[in-house]
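Notes follow the structure.
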Amino acid sequence: MKKFFVMALSLLFVGTVGNAKVNGTDSEPSDDVEAVDLGLSVKWANMNVGATKDSGFGSYFAWGEVKPKQFYSWGTYVWSKGDTQYPLKYTTTDRKTQLVPSDDAARTNWGGEWRMPTVDEFEELTDLTKCDWEWITKDGVNGYKVTGKKTGKSIFLPITGFRFYEAVQFRAINGIYWSSTLDTGTPNKAWCLEFDFQNVNVTTGKLSSNRFSGRCIRAVK
């Protein structure tokens, strides 16, 4: 369930800017949101949930929560039992392994057929036989231009960092996006897409994948 590959460096690291909606309470879709056909099993949104352009970070969500907030911890996580790492939902007991629509931030904020991608859909996106990944800078923001080999159409995935307690960490270094799929081996974690200028991984462990941490979301339909 993991992919890894190394990219050729085409640009030096530069400072990251963007329209991060860190503490917002409303992530209504921008009028510019589009579903891009990369020739894959699903179409990918051209921007993050909560963003107003494709280089914007958008909103940060804990896994299974549908609104951003100011502080991310087990104590503030809706599906934890107090300040512990024992989830109340999506566990080995209830055997729920995929977020239901009411716990899917893309579906609840954007509506329609939009939803968070599954781990398999991230695996498909990172399949180099299907998509080309190119490290670029757009609007002063580093990230990857992902181009479908079948259609020639592309999306931009900015480096976003993630929310941990009250701070945004690794914003100038890593892009980190939630999937809708639970890590069944370690139910306090969930699968995500992580990348930097060299590596792209579908993983649960390189950086903290604890479900309480706030991450950005790129929707599919």
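Chain identifiers are assigned as A, B, and so on, following the order in which chains appear in the structure tokens; residues are numbered from 1 within each chain, and ligands are numbered from 1 in order of appearance.
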>> Show me, as a list in words, the residues that have an atom within 8 Å of stretch 82-95 of chain A when counting only C-alpha atoms, minus same-chain residues fewer than 2 positions from it.
In response: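 What passes the distance filter is Ser73, Trp74, Gly75, Thr76, Trp79, Ser80, Thr97, Gln98, Leu99, Leu182, Thr184, Pro187 and Asn188 of chain A.
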Keeping N, CA, C and O atoms for every residue in the selection just given, could you write it to a file as a CSV table (one decimal), in the first residue's frame?
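Writing done, so here's selection-v1.csv:
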chain,number,residue,atom,x,y,z
A,73,SER,N,-5.6,18.0,18.7
A,73,SER,CA,-5.0,17.0,19.6
A,73,SER,C,-6.0,15.9,19.8
A,73,SER,O,-7.1,16.0,19.4
A,74,TRP,N,-5.6,14.9,20.6
A,74,TRP,CA,-6.5,13.8,20.9
A,74,TRP,C,-7.6,14.4,21.8
A,74,TRP,O,-8.8,13.9,21.6
A,75,GLY,N,-7.3,15.3,22.6
A,75,GLY,CA,-8.3,15.9,23.5
A,75,GLY,C,-9.4,16.7,22.7
A,75,GLY,O,-10.5,16.8,23.2
A,76,THR,N,-9.1,17.2,21.6
A,76,THR,CA,-10.1,18.0,20.8
A,76,THR,C,-10.7,17.2,19.6
A,76,THR,O,-11.5,17.7,18.9
A,79,TRP,N,-13.6,11.9,17.6
A,79,TRP,CA,-13.7,10.5,17.7
A,79,TRP,C,-12.8,9.9,18.7
A,79,TRP,O,-12.5,8.7,18.6
A,80,SER,N,-12.3,10.6,19.7
A,80,SER,CA,-11.4,10.0,20.7
A,80,SER,C,-12.1,10.0,22.0
A,80,SER,O,-13.0,10.8,22.3
A,97,THR,N,-13.9,0.9,7.9
A,97,THR,CA,-12.6,1.2,7.4
A,97,THR,C,-12.6,2.4,6.4
A,97,THR,O,-11.5,2.9,6.0
A,98,GLN,N,-13.7,2.9,6.0
A,98,GLN,CA,-13.9,4.0,5.1
A,98,GLN,C,-14.8,5.1,5.8
A,98,GLN,O,-15.8,4.7,6.4
A,99,LEU,N,-14.4,6.3,5.6
A,99,LEU,CA,-15.3,7.4,6.2
A,99,LEU,C,-16.7,7.3,5.5
A,99,LEU,O,-16.8,7.2,4.3
A,182,LEU,N,-9.0,4.1,6.6
A,182,LEU,CA,-8.4,3.9,7.9
A,182,LEU,C,-7.2,2.9,7.7
A,182,LEU,O,-7.1,2.1,6.9
A,184,THR,N,-6.0,-0.1,9.1
A,184,THR,CA,-6.7,-1.1,9.9
A,184,THR,C,-5.7,-1.8,10.9
A,184,THR,O,-6.1,-2.3,11.9
A,187,PRO,N,-5.5,1.5,14.1
A,187,PRO,CA,-6.7,2.3,13.9
A,187,PRO,C,-6.6,3.8,14.4
A,187,PRO,O,-7.6,4.5,14.1
A,188,ASN,N,-5.6,4.2,15.1
A,188,ASN,CA,-5.5,5.6,15.5
A,188,ASN,C,-4.8,6.4,14.4
A,188,ASN,O,-4.6,7.6,14.5
Tell me which protein, DNA and RNA residues are within 10 Å of stretch 132-135 of chain A, counting only C-alpha atoms, leaving out same-chain ones fewer than 3 positions away, and put them as a PDB file with C-alpha atoms, in the first residue's frame.
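Here's the written file selection-v2.pdb:
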ATOM      1  CA  MET A   7      12.206  13.164  -8.672  1.00  0.00           C
ATOM      2  CA  ALA A   8      14.905  15.075 -10.513  1.00  0.00           C
ATOM      3  CA  LEU A   9      15.422  18.484  -8.939  1.00  0.00           C
ATOM      4  CA  SER A  10      14.256  21.148 -11.322  1.00  0.00           C
ATOM      5  CA  LEU A  11      13.870  24.076  -8.915  1.00  0.00           C
ATOM      6  CA  LEU A  12      15.495  25.280  -5.724  1.00  0.00           C
ATOM      7  CA  LEU A 125      -2.607   8.910  -8.878  1.00  0.00           C
ATOM      8  CA  THR A 126       1.016   8.110  -7.964  1.00  0.00           C
ATOM      9  CA  ASP A 127       1.332   5.344 -10.558  1.00  0.00           C
ATOM     10  CA  LEU A 128       4.016   6.629 -12.944  1.00  0.00           C
ATOM     11  CA  THR A 129       2.593   4.561 -15.786  1.00  0.00           C
ATOM     12  CA  LYS A 138       3.225  28.219  -8.904  1.00  0.00           C
ATOM     13  CA  ASN A 142       6.150  24.763  -4.363  1.00  0.00           C
ATOM     14  CA  GLY A 143       4.376  21.543  -5.262  1.00  0.00           C
ATOM     15  CA  TYR A 144       3.746  18.969  -7.951  1.00  0.00           C
ATOM     16  CA  LYS A 145       2.107  19.332 -11.313  1.00  0.00           C
ATOM     17  CA  VAL A 146       0.444  15.955 -11.915  1.00  0.00           C
ATOM     18  CA  THR A 147      -0.409  15.256 -15.551  1.00  0.00           C
ATOM     19  CA  GLY A 148      -2.513  12.357 -16.766  1.00  0.00           C
ATOM     20  CA  LYS A 149      -0.773  10.455 -19.573  1.00  0.00           C
ATOM     21  CA  GLY A 152      -2.701  15.500 -20.990  1.00  0.00           C
ATOM     22  CA  SER A 154      -3.088  18.296 -15.026  1.00  0.00           C
ATOM     23  CA  ILE A 155      -3.659  19.388 -11.426  1.00  0.00           C
ATOM     24  CA  PHE A 156      -1.344  21.186  -9.003  1.00  0.00           C
ATOM     25  CA  LEU A 157      -0.767  19.812  -5.489  1.00  0.00           C
ATOM     26  CA  PRO A 158       0.862  22.456  -3.257  1.00  0.00           C
ATOM     27  CA  ASP A 196       8.511  16.598  -0.748  1.00  0.00           C
ATOM     28  CA  PHE A 197      10.725  17.710  -3.635  1.00  0.00           C
ATOM     29  CA  GLN A 198      12.279  14.221  -3.937  1.00  0.00           C
ATOM     30  CA  VAL A 200       6.119  10.803  -3.054  1.00  0.00           C
TER      31      VAL A 200
END
>> What's around A:Pro29 at 9 Å? Count only C-alpha atoms, leave out sequence neighbours fewer than 5 positions away in its own chain, and write the answer as a VMD selection string.
In response: chain A and resid 49 to 52 109 to 111
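Distances from A:Gly64, A:Pro101, A:Gly214, A:Gly58 to A:Ala167 were compared using only C-alpha atoms, and the smallest one belongs to A:Gly214.
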> In terms of the shortest atom-to-atom distance over only C-alpha atoms, which of A:Lys130, A:Lys189, A:Arg215, A:Trp63 is closest to A:Tyr77?
Replying inline: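 Closest to A:Tyr77, using only C-alpha atoms: A:Trp63.
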Exercise: A:Thr151 partners within 10 Å, only C-alpha atoms, chain neighbours under 5 positions left out, as a PDB file with N, CA, C and O atoms, in the first residue's frame:
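Saved file around_34.pdb follows:
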ATOM      1  N   VAL A  36     -11.173  17.543 -12.806  1.00  0.00           N
ATOM      2  CA  VAL A  36     -10.210  17.376 -13.893  1.00  0.00           C
ATOM      3  C   VAL A  36     -10.075  15.891 -14.237  1.00  0.00           C
ATOM      4  O   VAL A  36      -9.813  15.060 -13.366  1.00  0.00           O
ATOM      5  N   ASP A  37     -10.235  15.582 -15.508  1.00  0.00           N
ATOM      6  CA  ASP A  37     -10.129  14.210 -15.987  1.00  0.00           C
ATOM      7  C   ASP A  37      -8.674  13.909 -16.340  1.00  0.00           C
ATOM      8  O   ASP A  37      -8.160  14.354 -17.356  1.00  0.00           O
ATOM      9  N   LEU A  38      -8.015  13.142 -15.482  1.00  0.00           N
ATOM     10  CA  LEU A  38      -6.633  12.745 -15.722  1.00  0.00           C
ATOM     11  C   LEU A  38      -6.547  11.390 -16.420  1.00  0.00           C
ATOM     12  O   LEU A  38      -5.453  10.854 -16.604  1.00  0.00           O
ATOM     13  N   GLY A  39      -7.709  10.833 -16.781  1.00  0.00           N
ATOM     14  CA  GLY A  39      -7.727   9.516 -17.389  1.00  0.00           C
ATOM     15  C   GLY A  39      -7.674   8.383 -16.381  1.00  0.00           C
ATOM     16  O   GLY A  39      -7.301   7.258 -16.720  1.00  0.00           O
ATOM     17  N   LEU A  40      -8.061   8.688 -15.146  1.00  0.00           N
ATOM     18  CA  LEU A  40      -8.039   7.710 -14.065  1.00  0.00           C
ATOM     19  C   LEU A  40      -9.459   7.254 -13.735  1.00  0.00           C
ATOM     20  O   LEU A  40     -10.409   7.631 -14.412  1.00  0.00           O
ATOM     21  N   CYS A 131       0.460   8.689 -14.614  1.00  0.00           N
ATOM     22  CA  CYS A 131       0.602  10.136 -14.419  1.00  0.00           C
ATOM     23  C   CYS A 131       2.068  10.522 -14.323  1.00  0.00           C
ATOM     24  O   CYS A 131       2.885   9.769 -13.776  1.00  0.00           O
TER      25      CYS A 131
END
> Could you write out, as a list in words, all the residues of chain A that DSSP marks as alpha helix (DSSP H)?
Replying inline: Ala105, Ala106, Arg107, Thr108, Asn109, Trp110, Val119, Asp120, Glu121, Phe122, Glu123, Glu124 and Leu125 of chain A
> Where does DSSP see strand (DSSP E or B) in stretch 136-202 of chain A, if you list the residues as an MDAnalysis selection string?
Replying inline: chainID A and resid 136:138 141:148 154:158 162:165 167:169 175:182 189:195 199:202
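Of the listed residues (A:Val168, A:Val202, A:Val100, A:Ala190), A:Val168 comes nearest to A:Ser59; the distances count only C-alpha atoms.
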>> Applying 12 Å and only C-alpha atoms, which residues near A:Ser180 remain after dropping the ones on its own chain fewer than 6 positions away? List them as an MDAnalysis selection string.
In response: chainID A and resid 61:65 90 96:107 115:122 189:193 211 215 217:220
Prev. selection, N, CA, C and O atoms, output as a CSV table (one decimal), in the first residue's frame:
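Below you can see part.csv, which holds the result:
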chain,number,residue,atom,x,y,z
A,61,PHE,N,-8.2,19.7,8.2
A,61,PHE,CA,-9.2,18.9,8.9
A,61,PHE,C,-8.5,17.7,9.6
A,61,PHE,O,-7.6,17.1,9.1
A,62,ALA,N,-9.0,17.4,10.8
A,62,ALA,CA,-8.7,16.1,11.4
A,62,ALA,C,-9.4,15.0,10.7
A,62,ALA,O,-10.5,15.3,10.1
A,63,TRP,N,-8.9,13.8,10.7
A,63,TRP,CA,-9.5,12.7,9.9
A,63,TRP,C,-10.9,12.4,10.5
A,63,TRP,O,-11.0,12.1,11.7
A,64,GLY,N,-11.9,12.5,9.7
A,64,GLY,CA,-13.3,12.2,10.1
A,64,GLY,C,-14.0,13.4,10.7
A,64,GLY,O,-15.1,13.2,11.1
A,65,GLU,N,-13.3,14.5,10.7
A,65,GLU,CA,-14.0,15.8,11.1
A,65,GLU,C,-14.3,16.6,9.9
A,65,GLU,O,-13.6,16.5,8.9
A,90,TYR,N,-14.6,4.0,13.8
A,90,TYR,CA,-13.6,3.5,12.9
A,90,TYR,C,-12.5,2.8,13.7
A,90,TYR,O,-11.3,3.3,13.8
A,96,LYS,N,-15.4,-0.3,10.7
A,96,LYS,CA,-15.5,0.7,9.7
A,96,LYS,C,-14.2,1.1,9.2
A,96,LYS,O,-13.3,1.6,10.0
A,97,THR,N,-13.9,0.9,7.9
A,97,THR,CA,-12.6,1.2,7.4
A,97,THR,C,-12.6,2.4,6.4
A,97,THR,O,-11.5,2.9,6.0
A,98,GLN,N,-13.7,2.9,6.0
A,98,GLN,CA,-13.9,4.0,5.1
A,98,GLN,C,-14.8,5.1,5.8
A,98,GLN,O,-15.8,4.7,6.4
A,99,LEU,N,-14.4,6.3,5.6
A,99,LEU,CA,-15.3,7.4,6.2
A,99,LEU,C,-16.7,7.3,5.5
A,99,LEU,O,-16.8,7.2,4.3
A,100,VAL,N,-17.7,7.4,6.3
A,100,VAL,CA,-19.1,7.6,5.8
A,100,VAL,C,-19.3,9.0,5.3
A,100,VAL,O,-18.5,9.9,5.8
A,101,PRO,N,-20.2,9.3,4.5
A,101,PRO,CA,-20.4,10.6,3.9
A,101,PRO,C,-20.5,11.7,4.9
A,101,PRO,O,-20.0,12.8,4.7
A,102,SER,N,-21.2,11.5,6.1
A,102,SER,CA,-21.3,12.5,7.1
A,102,SER,C,-20.0,12.9,7.8
A,102,SER,O,-19.9,13.9,8.4
A,103,ASP,N,-19.0,12.0,7.7
A,103,ASP,CA,-17.7,12.3,8.3
A,103,ASP,C,-16.7,12.6,7.2
A,103,ASP,O,-15.5,12.7,7.6
A,104,ASP,N,-17.1,12.8,6.0
A,104,ASP,CA,-16.2,13.1,4.9
A,104,ASP,C,-16.2,14.6,4.7
A,104,ASP,O,-17.2,15.2,4.3
A,105,ALA,N,-15.1,15.3,4.9
A,105,ALA,CA,-15.1,16.8,4.8
A,105,ALA,C,-15.3,17.3,3.4
A,105,ALA,O,-15.9,18.4,3.2
A,106,ALA,N,-14.9,16.5,2.4
A,106,ALA,CA,-15.2,17.0,1.0
A,106,ALA,C,-16.7,16.9,0.7
A,106,ALA,O,-17.2,17.8,0.1
A,107,ARG,N,-17.3,15.8,1.1
A,107,ARG,CA,-18.8,15.7,0.8
A,107,ARG,C,-19.6,16.7,1.6
A,107,ARG,O,-20.5,17.3,1.1
A,115,ARG,N,-16.0,13.8,-2.8
A,115,ARG,CA,-15.7,13.1,-1.6
A,115,ARG,C,-14.2,13.0,-1.5
A,115,ARG,O,-13.4,13.4,-2.4
A,116,MET,N,-13.7,12.5,-0.3
A,116,MET,CA,-12.3,12.3,-0.1
A,116,MET,C,-11.8,11.1,-0.9
A,116,MET,O,-12.5,10.1,-1.0
A,117,PRO,N,-10.6,11.1,-1.4
A,117,PRO,CA,-10.1,9.9,-2.2
A,117,PRO,C,-9.8,8.8,-1.2
A,117,PRO,O,-9.4,9.0,-0.1
A,118,THR,N,-9.9,7.6,-1.8
A,118,THR,CA,-9.5,6.4,-1.0
A,118,THR,C,-8.0,6.2,-1.2
A,118,THR,O,-7.3,6.8,-2.0
A,119,VAL,N,-7.4,5.3,-0.4
A,119,VAL,CA,-6.0,5.0,-0.5
A,119,VAL,C,-5.7,4.4,-1.9
A,119,VAL,O,-4.6,4.7,-2.5
A,120,ASP,N,-6.6,3.6,-2.4
A,120,ASP,CA,-6.4,3.0,-3.8
A,120,ASP,C,-6.3,4.1,-4.8
A,120,ASP,O,-5.6,4.0,-5.8
A,121,GLU,N,-7.1,5.1,-4.7
A,121,GLU,CA,-7.2,6.2,-5.6
A,121,GLU,C,-5.9,7.1,-5.6
A,121,GLU,O,-5.4,7.6,-6.6
A,122,PHE,N,-5.3,7.2,-4.4
A,122,PHE,CA,-4.0,7.8,-4.2
A,122,PHE,C,-2.9,7.0,-4.9
A,122,PHE,O,-2.0,7.5,-5.5
A,189,LYS,N,-4.5,5.7,13.2
A,189,LYS,CA,-4.0,6.4,12.1
A,189,LYS,C,-4.8,6.2,10.8
A,189,LYS,O,-5.7,5.3,10.8
A,190,ALA,N,-4.6,7.0,9.8
A,190,ALA,CA,-5.3,6.8,8.5
A,190,ALA,C,-4.3,7.0,7.4
A,190,ALA,O,-3.2,7.7,7.6
A,191,TRP,N,-4.6,6.5,6.2
A,191,TRP,CA,-3.7,6.6,5.1
A,191,TRP,C,-3.7,8.0,4.5
A,191,TRP,O,-4.7,8.7,4.5
A,192,CYS,N,-2.6,8.4,4.0
A,192,CYS,CA,-2.4,9.7,3.4
A,192,CYS,C,-1.4,9.8,2.3
A,192,CYS,O,-0.6,8.8,2.1
A,193,LEU,N,-1.4,10.8,1.5
A,193,LEU,CA,-0.4,11.1,0.5
A,193,LEU,C,0.6,12.1,1.1
A,193,LEU,O,0.1,13.2,1.6
A,211,ARG,N,-4.9,10.4,13.6
A,211,ARG,CA,-6.1,10.9,13.1
A,211,ARG,C,-6.5,12.3,13.6
A,211,ARG,O,-7.2,13.1,12.9
A,215,ARG,N,-5.0,18.0,8.3
A,215,ARG,CA,-4.4,17.9,7.0
A,215,ARG,C,-5.3,18.5,5.9
A,215,ARG,O,-6.5,18.6,6.1
A,217,ILE,N,-7.2,18.5,2.1
A,217,ILE,CA,-7.9,17.5,1.4
A,217,ILE,C,-8.1,17.9,-0.1
A,217,ILE,O,-8.5,19.0,-0.4
A,218,ARG,N,-7.8,16.9,-1.0
A,218,ARG,CA,-8.0,17.1,-2.4
A,218,ARG,C,-9.1,16.1,-2.8
A,218,ARG,O,-9.0,14.9,-2.7
A,219,ALA,N,-10.3,16.7,-3.2
A,219,ALA,CA,-11.5,15.9,-3.4
A,219,ALA,C,-11.4,15.2,-4.8
A,219,ALA,O,-10.7,15.6,-5.7
A,220,VAL,N,-12.3,14.2,-4.9
A,220,VAL,CA,-12.5,13.5,-6.1
A,220,VAL,C,-14.0,13.3,-6.3
A,220,VAL,O,-14.8,13.5,-5.4
> Distance atom CA of A:Thr186-atom CA of A:Ser213, one decimal place?
Replying inline: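 Those two atoms sit 15.2 Å apart.
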> Any idea what's packed within 6 Å of A:Gly175, counting only C-alpha atoms, ignoring anything in its chain fewer than 6 positions away? Could you give it as JSON, numbers by chain?
Replying inline: {"A": [159, 160, 161, 194, 195]}
Keeping only N, CA and C atoms, write the selected residues as a short mmCIF file (atom, residue, chain, number, x, y, z; two decimals), in the first residue's frame.
data_model
loop_
_atom_site.label_atom_id
_atom_site.label_comp_id
_atom_site.auth_asym_id
_atom_site.auth_seq_id
_atom_site.Cartn_x
_atom_site.Cartn_y
_atom_site.Cartn_z
N ILE A 159 2.57 22.12 -1.56
CA ILE A 159 3.03 21.66 -0.26
C ILE A 159 2.23 22.41 0.81
N THR A 160 1.72 21.68 1.76
CA THR A 160 0.73 22.23 2.69
C THR A 160 1.15 22.18 4.15
N GLY A 161 2.07 21.26 4.50
CA GLY A 161 2.31 21.00 5.90
C GLY A 161 1.08 20.39 6.55
N GLU A 194 1.85 11.79 1.08
CA GLU A 194 2.89 12.69 1.58
C GLU A 194 3.95 12.86 0.49
N PHE A 195 4.46 14.09 0.34
CA PHE A 195 5.52 14.30 -0.63
C PHE A 195 6.40 15.48 -0.25
#
>> Report, in Å to a single decimal, how far apart atom CA of A:Gly185 and atom CA of A:Thr108 are.
In response: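 These atoms are spaced 27.2 Å apart.
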